[in-house]
file entry-v1.txt (compact mmCIF, C-alpha atoms and all ligand atoms)
# COMPACT_ATOMS: atom_id res chain seq x y z
CA MET P 12 11.47 58.99 43.75
CA GLN P 13 14.08 56.83 45.46
CA LEU P 14 17.03 58.64 46.99
CA TYR P 15 19.42 56.91 44.64
CA ASN P 16 17.53 58.14 41.57
CA LYS P 17 17.44 61.66 42.96
CA ILE P 18 21.20 61.64 43.52
CA LEU P 19 21.82 60.20 40.06
CA LEU P 20 19.55 62.78 38.45
CA SER P 21 21.27 65.68 40.14
CA LEU P 22 24.63 64.23 39.21
CA LEU P 23 23.61 64.15 35.55
CA LEU P 24 22.14 67.64 35.77
CA GLY P 25 25.37 68.82 37.36
CA VAL P 26 27.43 67.31 34.55
CA VAL P 27 25.19 68.88 31.89
CA ALA P 28 25.16 72.32 33.56
CA GLY P 29 28.92 72.26 34.06
CA PHE P 30 29.54 71.07 30.54
CA VAL P 31 27.31 73.70 28.94
CA ALA P 32 28.99 76.46 30.97
CA ASN P 33 32.44 75.16 30.11
CA PHE P 34 31.92 74.26 26.46
CA PHE P 35 30.21 77.52 25.48
CA GLU P 36 32.47 79.48 27.81
CA ILE P 37 29.54 81.25 29.48
CA GLY P 38 31.44 83.30 32.03
CA TRP P 39 28.58 84.24 34.35
CA PHE P 40 27.25 80.66 34.37
CA ILE P 41 30.67 79.29 35.30
CA SER P 42 30.85 81.88 38.12
CA VAL P 43 27.41 80.86 39.40
CA LEU P 44 28.31 77.18 39.38
CA VAL P 45 31.60 77.87 41.13
CA ALA P 46 29.79 80.11 43.62
CA ILE P 47 27.39 77.33 44.67
CA GLN P 48 30.20 74.83 45.21
CA PRO P 49 30.35 75.68 48.96
CA ILE P 50 26.92 74.02 49.29
CA GLY P 51 28.64 70.79 48.32
CA THR P 52 31.65 71.44 50.51
CA GLY P 53 29.36 72.21 53.44
CA TRP P 54 27.58 68.92 52.91
CA ILE P 55 30.89 67.04 52.87
CA ARG P 56 31.72 68.66 56.21
CA LEU P 57 28.32 67.67 57.56
CA ILE P 58 28.72 64.00 56.70
CA THR P 59 32.39 63.93 57.71
CA MET P 60 31.33 65.28 61.12
CA ILE P 61 29.73 61.89 61.85
CA VAL P 62 32.81 59.80 61.06
CA VAL P 63 34.52 59.96 64.45
CA PRO P 64 31.50 59.39 66.74
CA LEU P 65 30.18 56.69 64.43
CA VAL P 66 33.45 54.77 64.14
CA VAL P 67 34.10 54.88 67.88
CA ALA P 68 30.55 53.98 68.94
CA SER P 69 29.97 51.35 66.32
CA LEU P 70 33.37 49.70 66.73
CA LEU P 71 33.08 49.68 70.50
CA VAL P 72 29.65 48.05 70.45
CA GLY P 73 30.95 45.64 67.80
CA THR P 74 34.04 44.67 69.80
CA VAL P 75 32.04 44.06 72.96
CA SER P 76 29.40 41.99 71.21
CA LEU P 77 32.10 39.84 69.62
CA GLY P 78 33.00 39.15 73.20
CA ASP P 79 35.92 37.00 72.20
CA LEU P 80 39.31 38.50 71.50
CA ARG P 81 40.37 35.50 69.46
CA LYS P 82 37.49 36.08 67.09
CA LEU P 83 38.53 39.70 66.73
CA GLY P 84 42.10 38.63 65.99
CA ARG P 85 40.83 36.18 63.41
CA ILE P 86 38.66 38.76 61.67
CA GLY P 87 41.49 41.30 61.83
CA SER P 88 44.10 39.07 60.25
CA LYS P 89 41.72 37.82 57.56
CA THR P 90 40.76 41.39 56.70
CA ILE P 91 44.32 42.64 56.43
CA VAL P 92 45.46 39.68 54.28
CA TYR P 93 42.39 40.09 52.08
CA TYR P 94 43.00 43.83 51.65
CA MET P 95 46.65 43.35 50.70
CA CYS P 96 45.84 40.61 48.17
CA THR P 97 43.08 42.52 46.37
CA THR P 98 45.22 45.65 46.23
CA ALA P 99 48.13 43.69 44.72
CA ILE P 100 45.70 42.23 42.14
CA ALA P 101 44.59 45.78 41.29
CA VAL P 102 48.20 46.90 40.73
CA VAL P 103 48.98 43.88 38.56
CA LEU P 104 45.87 44.58 36.50
CA GLY P 105 46.90 48.23 36.09
CA LEU P 106 50.39 47.19 34.96
CA LEU P 107 49.05 44.57 32.55
CA ILE P 108 46.70 46.87 30.69
CA SER P 109 49.32 49.64 30.56
CA ASN P 110 51.82 47.23 29.02
CA VAL P 111 49.29 46.22 26.40
CA LEU P 112 47.64 49.57 25.64
CA LYS P 113 50.71 51.79 26.14
CA PRO P 114 48.88 54.97 27.22
CA GLY P 115 52.08 57.05 27.05
CA SER P 116 52.88 56.38 23.44
CA GLY P 117 50.24 58.75 22.03
CA VAL P 118 51.52 62.02 23.54
CA ASP P 119 54.14 63.96 21.58
CA GLN P 120 57.04 65.77 23.22
CA ALA P 121 55.64 69.27 22.69
CA THR P 122 52.31 68.43 24.41
CA ARG P 123 54.24 66.71 27.17
CA ASP P 124 56.41 69.73 27.86
CA SER P 125 53.60 72.27 27.70
CA LEU P 126 51.42 70.20 30.06
CA ALA P 127 54.32 69.79 32.46
CA ALA P 128 54.95 73.54 32.39
CA ASP P 129 51.27 74.43 32.99
CA PHE P 130 51.02 72.38 36.17
CA ALA P 131 54.58 72.80 37.45
CA GLY P 132 53.51 74.94 40.43
CA GLN P 133 50.86 72.54 41.67
CA ALA P 134 53.21 69.61 41.19
CA GLU P 135 55.77 71.29 43.40
CA ALA P 136 53.18 71.69 46.14
CA SER P 137 52.42 67.95 46.00
CA MET P 138 56.14 67.20 46.21
CA THR P 139 56.46 69.26 49.36
CA MET P 140 53.55 67.37 50.90
CA ALA P 141 55.09 64.03 49.94
CA ALA P 142 58.40 65.05 51.50
CA GLU P 143 56.58 65.50 54.80
CA LYS P 144 55.30 61.90 54.76
CA PRO P 145 56.47 59.94 57.83
CA SER P 146 58.71 56.86 57.56
CA THR P 147 57.32 53.32 57.85
CA VAL P 148 58.41 53.03 61.49
CA GLU P 149 56.76 56.33 62.27
CA ILE P 150 53.56 55.20 60.52
CA LEU P 151 53.50 52.05 62.65
CA LEU P 152 54.22 53.97 65.85
CA ASN P 153 51.57 56.55 65.00
CA MET P 154 49.00 53.77 65.05
CA ILE P 155 49.32 53.85 68.84
CA PRO P 156 47.80 57.13 69.94
CA THR P 157 49.38 58.91 72.90
CA ASN P 158 46.09 60.68 73.33
CA PRO P 159 42.89 59.19 71.91
CA VAL P 160 41.13 62.54 72.08
CA GLN P 161 43.82 64.03 69.87
CA ALA P 162 43.50 61.08 67.48
CA ALA P 163 39.78 61.78 67.32
CA ALA P 164 40.33 65.49 66.85
CA GLU P 165 42.72 64.85 63.97
CA MET P 166 40.46 62.15 62.54
CA ASP P 167 43.33 59.70 62.68
CA LEU P 168 41.16 56.63 62.11
CA LEU P 169 43.87 54.01 62.46
CA ALA P 170 44.90 55.26 65.91
CA LEU P 171 41.27 55.58 66.91
CA ILE P 172 40.57 52.00 65.82
CA VAL P 173 43.51 50.72 67.90
CA PHE P 174 42.35 52.58 71.01
CA THR P 175 38.70 51.60 70.62
CA ILE P 176 39.46 47.91 70.20
CA ILE P 177 41.69 47.81 73.27
CA PHE P 178 39.10 49.77 75.24
CA GLY P 179 36.33 47.43 74.05
CA ALA P 180 38.35 44.36 74.94
CA ALA P 181 38.96 45.71 78.44
CA LEU P 182 35.31 46.63 78.80
CA THR P 183 34.25 43.00 78.37
CA LEU P 184 36.12 42.20 81.59
CA ILE P 185 34.41 44.61 84.00
CA GLU P 186 31.28 43.99 86.11
CA THR P 187 28.11 43.48 84.09
CA PRO P 188 25.98 46.47 85.19
CA LYS P 189 28.79 48.92 84.52
CA LYS P 190 29.70 47.24 81.26
CA GLU P 191 26.10 47.33 80.11
CA ALA P 192 25.77 50.99 80.98
CA VAL P 193 28.78 51.89 78.80
CA VAL P 194 27.59 49.68 75.95
CA ALA P 195 24.05 51.11 76.14
CA PHE P 196 25.50 54.61 75.97
CA PHE P 197 27.58 53.91 72.87
CA ASP P 198 24.77 51.93 71.29
CA GLY P 199 22.65 55.04 71.69
CA VAL P 200 25.39 57.16 70.10
CA ASN P 201 25.58 54.68 67.25
CA GLN P 202 21.85 54.79 66.57
CA THR P 203 21.77 58.56 66.81
CA CYS P 204 24.53 58.73 64.19
CA MET P 205 22.41 56.57 61.90
CA VAL P 206 19.50 58.97 62.25
CA MET P 207 21.83 61.88 61.45
CA ILE P 208 23.09 60.05 58.35
CA ASP P 209 19.50 59.67 57.13
CA TRP P 210 18.89 63.37 57.60
CA ILE P 211 22.09 64.39 55.87
CA MET P 212 21.46 61.98 53.00
CA LYS P 213 18.22 63.79 52.25
CA LEU P 214 20.37 66.79 51.29
CA ALA P 215 22.74 64.69 49.16
CA PRO P 216 21.12 65.47 45.78
CA TYR P 217 21.68 69.22 46.22
CA ALA P 218 25.25 68.69 47.36
CA VAL P 219 26.04 66.36 44.49
CA PHE P 220 24.77 68.89 41.96
CA ALA P 221 26.82 71.68 43.52
CA LEU P 222 29.99 69.58 43.64
CA ILE P 223 29.81 68.07 40.18
CA ALA P 224 28.67 71.18 38.30
CA ALA P 225 31.59 73.22 39.61
CA ILE P 226 34.15 70.50 38.85
CA VAL P 227 32.90 70.07 35.28
CA ALA P 228 32.54 73.83 34.72
CA GLU P 229 36.17 74.38 35.62
CA PHE P 230 37.51 71.26 33.94
CA GLY P 231 39.98 71.64 31.10
CA PHE P 232 38.47 69.59 28.32
CA GLU P 233 41.39 70.38 25.99
CA LEU P 234 43.54 68.60 28.54
CA LEU P 235 41.38 65.54 28.35
CA GLN P 236 42.20 65.28 24.65
CA SER P 237 45.92 64.96 25.13
CA LEU P 238 45.51 62.78 28.18
CA LEU P 239 42.63 60.81 26.72
CA MET P 240 44.47 57.53 26.30
CA TYR P 241 45.89 57.72 29.83
CA SER P 242 42.48 58.54 31.31
CA LEU P 243 40.78 55.80 29.33
CA VAL P 244 43.31 53.20 30.46
CA VAL P 245 42.83 54.21 34.11
CA VAL P 246 39.04 54.07 33.76
CA LEU P 247 39.16 50.76 31.89
CA GLY P 248 41.37 49.24 34.57
CA LEU P 249 39.09 50.49 37.33
CA LEU P 250 36.01 49.10 35.58
CA LEU P 251 37.67 45.75 35.00
CA HIS P 252 38.73 45.54 38.63
CA ALA P 253 35.27 46.47 39.89
CA THR P 254 33.42 44.06 37.64
CA LEU P 255 35.81 41.14 37.10
CA THR P 256 37.83 41.02 40.30
CA TYR P 257 35.06 42.01 42.70
CA GLY P 258 32.42 40.16 40.67
CA THR P 259 34.37 36.91 40.92
CA ILE P 260 35.20 37.45 44.58
CA LEU P 261 31.58 38.21 45.42
CA ARG P 262 30.35 35.10 43.69
CA VAL P 263 33.04 32.71 44.88
CA LEU P 264 33.86 33.99 48.36
CA ALA P 265 30.61 35.66 49.42
CA GLY P 266 28.09 33.60 47.45
CA LEU P 267 26.38 36.78 46.23
CA ASN P 268 25.09 37.79 42.85
CA PRO P 269 27.39 40.70 41.90
CA ILE P 270 24.66 42.60 40.06
CA THR P 271 22.31 42.49 43.04
CA PHE P 272 25.21 43.50 45.27
CA PHE P 273 26.18 46.47 43.10
CA LYS P 274 22.57 47.62 43.02
CA ARG P 275 22.41 47.57 46.79
CA ILE P 276 25.54 49.66 47.22
CA ARG P 277 24.74 52.37 44.65
CA ASN P 278 24.38 55.13 47.22
CA PRO P 279 27.87 54.94 48.72
CA GLN P 280 29.32 54.51 45.22
CA LEU P 281 27.66 57.71 44.04
CA ILE P 282 28.64 59.61 47.15
CA ALA P 283 32.24 58.42 46.82
CA PHE P 284 32.18 59.56 43.21
CA SER P 285 30.85 62.99 44.10
CA THR P 286 33.05 63.63 47.13
CA SER P 287 36.30 61.88 46.08
CA SER P 288 36.72 60.85 49.69
CA SER P 289 36.43 57.40 51.24
CA ASN P 290 36.46 59.01 54.68
CA ALA P 291 33.53 61.30 53.96
CA THR P 292 31.63 58.37 52.46
CA LEU P 293 32.33 56.10 55.46
CA PRO P 294 29.09 56.77 57.38
CA ILE P 295 27.03 55.86 54.32
CA THR P 296 29.26 52.88 53.57
CA MET P 297 28.72 51.53 57.09
CA GLU P 298 24.98 52.08 57.03
CA THR P 299 24.67 50.43 53.61
CA ALA P 300 26.76 47.40 54.59
CA GLU P 301 24.52 46.71 57.56
CA GLU P 302 21.13 47.58 56.12
CA GLU P 303 21.41 46.73 52.43
CA VAL P 304 23.99 43.96 52.37
CA GLY P 305 23.17 42.44 55.76
CA VAL P 306 26.68 42.51 57.21
CA SER P 307 26.67 42.36 61.02
CA ASN P 308 27.68 45.41 63.03
CA GLU P 309 30.65 43.49 64.45
CA VAL P 310 32.15 42.93 61.02
CA ALA P 311 31.10 46.21 59.37
CA SER P 312 32.31 48.40 62.22
CA PHE P 313 35.78 46.91 61.98
CA VAL P 314 36.29 46.07 58.30
CA LEU P 315 34.94 49.34 56.86
CA PRO P 316 36.76 52.04 58.88
CA LEU P 317 39.94 50.01 58.42
CA GLY P 318 39.19 49.74 54.70
CA ALA P 319 38.59 53.48 54.31
CA THR P 320 42.05 54.01 55.76
CA ILE P 321 44.19 51.21 54.35
CA ASN P 322 42.35 49.59 51.45
CA MET P 323 42.50 51.55 48.22
CA ASP P 324 42.45 49.27 45.23
CA GLY P 325 41.35 52.02 42.87
CA THR P 326 44.18 54.29 44.01
CA ALA P 327 46.74 51.49 43.69
CA LEU P 328 45.56 50.58 40.19
CA TYR P 329 45.66 54.20 39.09
CA GLN P 330 49.18 54.54 40.46
CA ALA P 331 50.32 51.54 38.43
CA VAL P 332 48.93 53.08 35.22
CA ALA P 333 50.33 56.51 36.10
CA VAL P 334 53.83 55.11 36.67
CA MET P 335 53.76 53.25 33.36
CA PHE P 336 52.39 56.32 31.58
CA ILE P 337 55.07 58.61 32.97
CA ALA P 338 57.81 56.09 32.16
CA GLN P 339 56.51 55.62 28.61
CA ILE P 340 56.17 59.31 27.98
CA TYR P 341 59.79 59.94 28.99
CA GLY P 342 60.91 56.91 26.96
CA ILE P 343 62.02 54.79 29.93
CA ASP P 344 61.63 51.04 29.77
CA LEU P 345 60.48 49.53 33.03
CA THR P 346 61.81 45.99 33.51
CA ILE P 347 59.80 43.18 35.08
CA ALA P 348 61.82 43.73 38.26
CA ASP P 349 60.88 47.43 38.27
CA GLN P 350 57.25 46.50 37.82
CA LEU P 351 57.43 44.05 40.71
CA VAL P 352 58.73 46.87 42.86
CA VAL P 353 55.71 48.90 41.70
CA VAL P 354 53.39 46.08 42.85
CA LEU P 355 54.95 46.24 46.29
CA THR P 356 55.24 49.98 46.71
CA ALA P 357 51.88 50.85 45.16
CA THR P 358 50.20 48.33 47.47
CA LEU P 359 51.93 49.86 50.49
CA ALA P 360 51.49 53.43 49.27
CA SER P 361 47.74 52.92 49.02
CA VAL P 362 47.80 51.83 52.67
CA GLY P 363 49.56 55.08 53.53
CA ALA P 364 47.18 57.24 51.48
CA ALA P 365 44.42 58.88 53.48
CA GLY P 366 40.82 58.61 52.27
CA VAL P 367 40.67 62.22 51.17
CA PRO P 368 40.68 63.87 47.73
CA SER P 369 43.98 63.72 45.80
CA ALA P 370 45.75 61.65 48.45
CA GLY P 371 46.75 59.16 45.77
CA ILE P 372 48.76 61.66 43.77
CA ILE P 373 50.93 62.40 46.77
CA THR P 374 51.73 58.77 47.49
CA LEU P 375 52.37 58.26 43.75
CA ILE P 376 55.53 60.28 44.30
CA ILE P 377 56.78 57.58 46.67
CA VAL P 378 56.12 54.89 44.06
CA LEU P 379 57.92 56.84 41.33
CA ASN P 380 60.91 57.36 43.59
CA SER P 381 61.05 53.67 44.49
CA ILE P 382 61.86 52.69 40.91
CA GLY P 383 64.41 55.43 40.37
CA LEU P 384 62.18 57.81 38.44
CA GLY P 385 62.97 60.56 40.96
CA GLU P 386 64.12 63.07 38.35
CA PHE P 387 60.84 62.73 36.43
CA VAL P 388 58.60 63.04 39.46
CA GLN P 389 57.83 66.71 39.22
CA GLY P 390 57.33 66.74 35.46
CA GLY P 391 55.38 63.49 35.56
CA ILE P 392 53.01 64.60 38.29
CA ALA P 393 52.48 67.93 36.53
CA LEU P 394 51.53 66.02 33.39
CA ILE P 395 48.68 64.10 34.94
CA LEU P 396 47.45 66.64 37.50
CA GLY P 397 44.97 68.23 35.11
CA VAL P 398 42.76 65.15 34.86
CA ASP P 399 43.40 63.92 38.37
CA ARG P 400 40.19 65.17 39.97
CA ILE P 401 37.99 63.30 37.52
CA LEU P 402 40.01 60.10 37.90
CA ASP P 403 39.99 60.55 41.68
CA MET P 404 36.18 60.44 41.62
CA ILE P 405 36.16 57.10 39.83
CA ARG P 406 38.95 55.52 41.84
CA THR P 407 37.31 56.56 45.10
CA SER P 408 34.12 54.75 44.02
CA VAL P 409 36.22 51.67 43.39
CA ASN P 410 37.95 52.05 46.76
CA VAL P 411 34.60 52.12 48.54
CA THR P 412 33.26 49.22 46.45
CA GLY P 413 36.34 47.27 47.50
CA ASP P 414 35.69 47.96 51.18
CA LEU P 415 32.06 46.89 50.88
CA THR P 416 33.03 43.73 48.96
CA ALA P 417 35.49 42.93 51.74
CA SER P 418 32.82 43.37 54.39
CA ALA P 419 30.59 40.87 52.58
CA VAL P 420 33.42 38.36 52.16
CA ILE P 421 34.54 38.56 55.78
CA ALA P 422 30.94 38.39 57.03
CA ARG P 423 30.28 35.30 54.93
CA SER P 424 33.51 33.68 56.14
CA GLU P 425 32.17 34.16 59.67
CA GLY P 426 29.00 32.31 58.71
CA GLU P 427 26.71 35.32 58.32
CA ALA P 428 23.66 35.00 56.08
CA LEU P 429 23.95 38.37 54.30
CA VAL P 430 20.28 39.16 54.09
CA PRO P 431 19.48 42.87 53.78
CA ARG P 432 17.70 44.14 56.84
CA PRO P 433 16.51 47.69 56.41
CA VAL P 434 16.32 49.08 59.91
CA ASP P 435 13.36 51.07 61.06
CA HIS P 436 15.19 54.07 62.36
CA PRO P 437 13.67 55.98 65.24
CA VAL P 438 12.93 58.78 62.72
CA ALA P 439 10.14 56.66 61.36
CA MET P 440 8.72 55.93 64.80
CA SER P 441 6.07 57.94 66.51
CA PRO P 442 7.31 59.91 69.52
CA GLY P 443 7.04 58.29 72.89
N1 LIG W 1 40.36 60.08 47.05
C1 LIG W 1 40.75 58.73 47.33
C2 LIG W 1 39.91 58.19 48.48
O1 LIG W 1 39.47 58.93 49.33
C3 LIG W 1 42.20 58.59 47.60
C4 LIG W 1 42.96 58.92 46.35
O2 LIG W 1 43.11 58.04 45.50
O3 LIG W 1 43.36 60.05 46.16
O4 LIG W 1 39.65 57.02 48.56

call {"tool": "encode", "arguments": {"input": "entry-v1.txt", "output": "structure tokens", "more": "lines below"}}
Ligand code: ASP
result
Amino acid sequence: MQLYNKILLSLLLGVVAGFVANFFEIGWFISVLVAIQPIGTGWIRLITMIVVPLVVASLLVGTVSLGDLRKLGRIGSKTIVYYMCTTAIAVVLGLLISNVLKPGSGVDQATRDSLAADFAGQAEASMTMAAEKPSTVEILLNMIPTNPVQAAAEMDLLALIVFTIIFGAALTLIETPKKEAVVAFFDGVNQTCMVMIDWIMKLAPYAVFALIAAIVAEFGFELLQSLLMYSLVVVLGLLLHATLTYGTILRVLAGLNPITFFKRIRNPQLIAFSTSSSNATLPITMETAEEEVGVSNEVASFVLPLGATINMDGTALYQAVAVMFIAQIYGIDLTIADQLVVVLTATLASVGAAGVPSAGIITLIIVLNSIGLGEFVQGGIALILGVDRILDMIRTSVNVTGDLTASAVIARSEGEALVPRPVDHPVAMSPG
């Protein structure tokens, strides 16, 4: 059986097991499923462990092989403009469908208040985290690491990207034998990481089962009823963005058949869904872009780590729906001007959100504050917290799909052929 099918099967089994335990309230079964969750968490740690060495090695080799700083500047500016535009489209789409479908109109006041009361504690914790968010100037300054080792230790990808690119650019200027030695070393690190990814992916089906079963077993299905319309609107928006927006972009800008493309990137999509983390999925995203989509290392190693950090279309779209939902539920009319502010702040907030679970709900607080909904923040966040994990899974898949779409578009704009080239990893070779 193909790895993808195995992962999908264990995902379905996980959903069924979790659902049975939850629906029939089988206490011991729920406890067992919750008890095996650490298998999934351990796996997430295992794959996340590769992120830093892979990003540094791959980006360094990529920067040196580009050889030309102007080309790097060109790719960089194209990527950032592309990311901002697609994120803004996602927010507009989220606002449009929320205006039409009015997800907030179906919840009565009593449900609203009891939901808000149930999750008040958790909402307060998110508010405290949001209050600790640095200012825009600080965010920009933090992109320059004072100590690259610390940036690596804290998995601060943006700072690591900045350091690695400057280091790579400088490396192109030193004497050839020394330059080649450094490049050969990092190329070796890069390839070793790929072998590790293959090993870790073999364990993915078990991890996916453990993660999903526990989430479903603990999920409050009663909650889903009262938040059904909101959840459906978020999911609908995400599906529309993934199929229509990315489909059109893939066809027009990358010359690819969207269906073939989506088939090739199923693994990272499933892993993003199961882990709710773009960062944890990054190693698989990078491997898939190069081997299944045919994006060059130079483009993939730059566009994808940057994307995992700053490009979150799914998160931005969800924030747009969440803002509209919260406003509607408290009976506040958001003007066109307010909604334009949402386009701007949700786009920027998704840049600020880290690629980790629930990051989007924290930056949502910034968006709500920006349109003067400050007094409804705590209640509003408490309202939607209950279904957030499930929506996080779907939006993370969209975030990763967006990054991969970008890598194809940028690669094509640089004249790359985009032919999949499965690499024969050293694992498959005979020793010696
Ligand atoms: N979990 C998302 C990601 O890692 C971020 C979020 O929307 O919370 O891409």

call {"tool": "closest_atom_pairs", "arguments": {"input": "entry-v1.txt", "of": "chain P", "to": "ligand LIG 1 (chain W)", "cutoff": "10 Å", "atoms": "all atoms listed in the file", "output": "CSV"}}
result
residue,atom,partner,partner_atom,distance
P:Ala283,CA,W:LIG1,O1,7.7
P:Phe284,CA,W:LIG1,N1,9.1
P:Thr286,CA,W:LIG1,N1,8.1
P:Ser287,CA,W:LIG1,N1,4.5
P:Ser288,CA,W:LIG1,O1,3.4
P:Ser289,CA,W:LIG1,O1,3.9
P:Asn290,CA,W:LIG1,O1,6.1
P:Ala291,CA,W:LIG1,O1,7.9
P:Thr292,CA,W:LIG1,O1,8.5
P:Leu293,CA,W:LIG1,O1,9.8
P:Gly318,CA,W:LIG1,O4,9.5
P:Ala319,CA,W:LIG1,O4,6.8
P:Thr320,CA,W:LIG1,O4,8.2
P:Ile321,CA,W:LIG1,O4,9.4
P:Asn322,CA,W:LIG1,O4,8.4
P:Met323,CA,W:LIG1,O4,6.2
P:Asp324,CA,W:LIG1,O2,8.8
P:Gly325,CA,W:LIG1,O2,6.8
P:Thr326,CA,W:LIG1,O2,4.2
P:Ala327,CA,W:LIG1,O2,7.7
P:Leu328,CA,W:LIG1,O2,9.5
P:Tyr329,CA,W:LIG1,O2,7.9
P:Gln330,CA,W:LIG1,O2,8.6
P:Ser361,CA,W:LIG1,O2,7.7
P:Ala364,CA,W:LIG1,C3,6.5
P:Ala365,CA,W:LIG1,C3,6.3
P:Gly366,CA,W:LIG1,O1,3.3
P:Val367,CA,W:LIG1,O1,4.0
P:Pro368,CA,W:LIG1,N1,3.9
P:Ser369,CA,W:LIG1,O3,3.7
P:Ala370,CA,W:LIG1,O3,3.7
P:Gly371,CA,W:LIG1,O3,3.5
P:Ile372,CA,W:LIG1,O3,6.1
P:Ile373,CA,W:LIG1,O3,7.9
P:Thr374,CA,W:LIG1,O3,8.6
P:Leu375,CA,W:LIG1,O2,9.4
P:Asp399,CA,W:LIG1,O3,8.7
P:Arg400,CA,W:LIG1,O3,8.6
P:Leu402,CA,W:LIG1,O2,8.5
P:Asp403,CA,W:LIG1,N1,5.4
P:Met404,CA,W:LIG1,N1,6.9
P:Ile405,CA,W:LIG1,N1,8.9
P:Arg406,CA,W:LIG1,O2,6.1
P:Thr407,CA,W:LIG1,O4,4.2
P:Ser408,CA,W:LIG1,O4,7.5
P:Val409,CA,W:LIG1,O4,8.2
P:Asn410,CA,W:LIG1,O4,5.6
P:Val411,CA,W:LIG1,O4,7.0

call {"tool": "atom_distance", "arguments": {"input": "entry-v1.txt", "atom1": "atom CA of Thr147 of chain P", "atom2": "atom CA of Ala99 of chain P"}}
result
18.7 Å

call {"tool": "residues_around", "arguments": {"input": "entry-v1.txt", "residues": "segment 383-391 of chain P", "least_positions_apart": "2", "cutoff": "10 Å", "atoms": "all atoms listed in the file", "output": "PyMOL selection string"}}
result
chain P and resi 123-124+126-128+130-138+333-334+336-338+340-341+343+349+375-381+393-396

call {"tool": "atom_distance", "arguments": {"input": "entry-v1.txt", "atom1": "atom CA of Leu106 of chain P", "atom2": "atom CA of Thr254 of chain P"}}
result
17.5 Å

call {"tool": "closest_residue", "arguments": {"input": "entry-v1.txt", "among": "P:Pro145, P:Pro216, P:Gly248, P:Gly78", "to": "Ser285 of chain P", "atoms": "only C-alpha atoms"}}
result
P:Pro216

call {"tool": "residues_around", "arguments": {"input": "entry-v1.txt", "residues": "Leu83 of chain P", "least_positions_apart": "4", "cutoff": "12 Å", "atoms": "all atoms listed in the file", "output": "list in words"}}
result
Leu70, Leu71, Gly73, Thr74, Val75, Ser76, Leu77, Gly78, Asp79, Gly87, Ser88, Lys89, Thr90, Ile176, Ile177, Gly179, Ala180, Glu309, Val310, Ser312, Phe313, Val314, Ile421 and Glu425 of chain P

call {"tool": "residues_around", "arguments": {"input": "entry-v1.txt", "residues": "Thr296 of chain P", "least_positions_apart": "4", "cutoff": "9 Å", "atoms": "only C-alpha atoms", "output": "list in words"}}
result
Ile276, Asn278, Pro279, Gln280, Ser289, Thr292, Ala300, Glu301, Leu315, Val411, Thr412, Asp414 and Leu415 of chain P

call {"tool": "closest_residue", "arguments": {"input": "entry-v1.txt", "among": "P:Leu80, P:Ile295, P:Ile37, P:Ala419", "to": "Val206 of chain P", "atoms": "all atoms listed in the file"}}
result
P:Ile295

call {"tool": "residues_around", "arguments": {"input": "entry-v1.txt", "residues": "Gly25 of chain P", "least_positions_apart": "3", "cutoff": "7 Å", "atoms": "only C-alpha atoms", "output": "list in words"}}
result
Ser21, Leu22, Ala28, Gly29, Phe220, Ala221, Ile223 and Ala224 of chain P

call {"tool": "write_last_selection", "arguments": {"input": "entry-v1.txt", "atoms": "C-alpha atoms", "output": "mmCIF file, keeping the file's coordinate frame"}}
result
data_model
loop_
_atom_site.group_PDB
_atom_site.id
_atom_site.type_symbol
_atom_site.label_atom_id
_atom_site.label_comp_id
_atom_site.auth_asym_id
_atom_site.auth_seq_id
_atom_site.Cartn_x
_atom_site.Cartn_y
_atom_site.Cartn_z
ATOM 1 C CA SER P 21 21.270 65.680 40.140
ATOM 2 C CA LEU P 22 24.630 64.230 39.210
ATOM 3 C CA ALA P 28 25.160 72.320 33.560
ATOM 4 C CA GLY P 29 28.920 72.260 34.060
ATOM 5 C CA PHE P 220 24.770 68.890 41.960
ATOM 6 C CA ALA P 221 26.820 71.680 43.520
ATOM 7 C CA ILE P 223 29.810 68.070 40.180
ATOM 8 C CA ALA P 224 28.670 71.180 38.300
#

call {"tool": "atom_distance", "arguments": {"input": "entry-v1.txt", "atom1": "atom CA of Pro156 of chain P", "atom2": "atom CA of Leu169 of chain P"}}
result
9.0 Å

call {"tool": "residues_around", "arguments": {"input": "entry-v1.txt", "residues": "Pro433 of chain P", "least_positions_apart": "2", "cutoff": "10 Å", "atoms": "all atoms listed in the file", "output": "JSON, numbers by chain"}}
result
{"P": [298, 299, 301, 302, 303, 304, 305, 430, 431, 435, 436]}
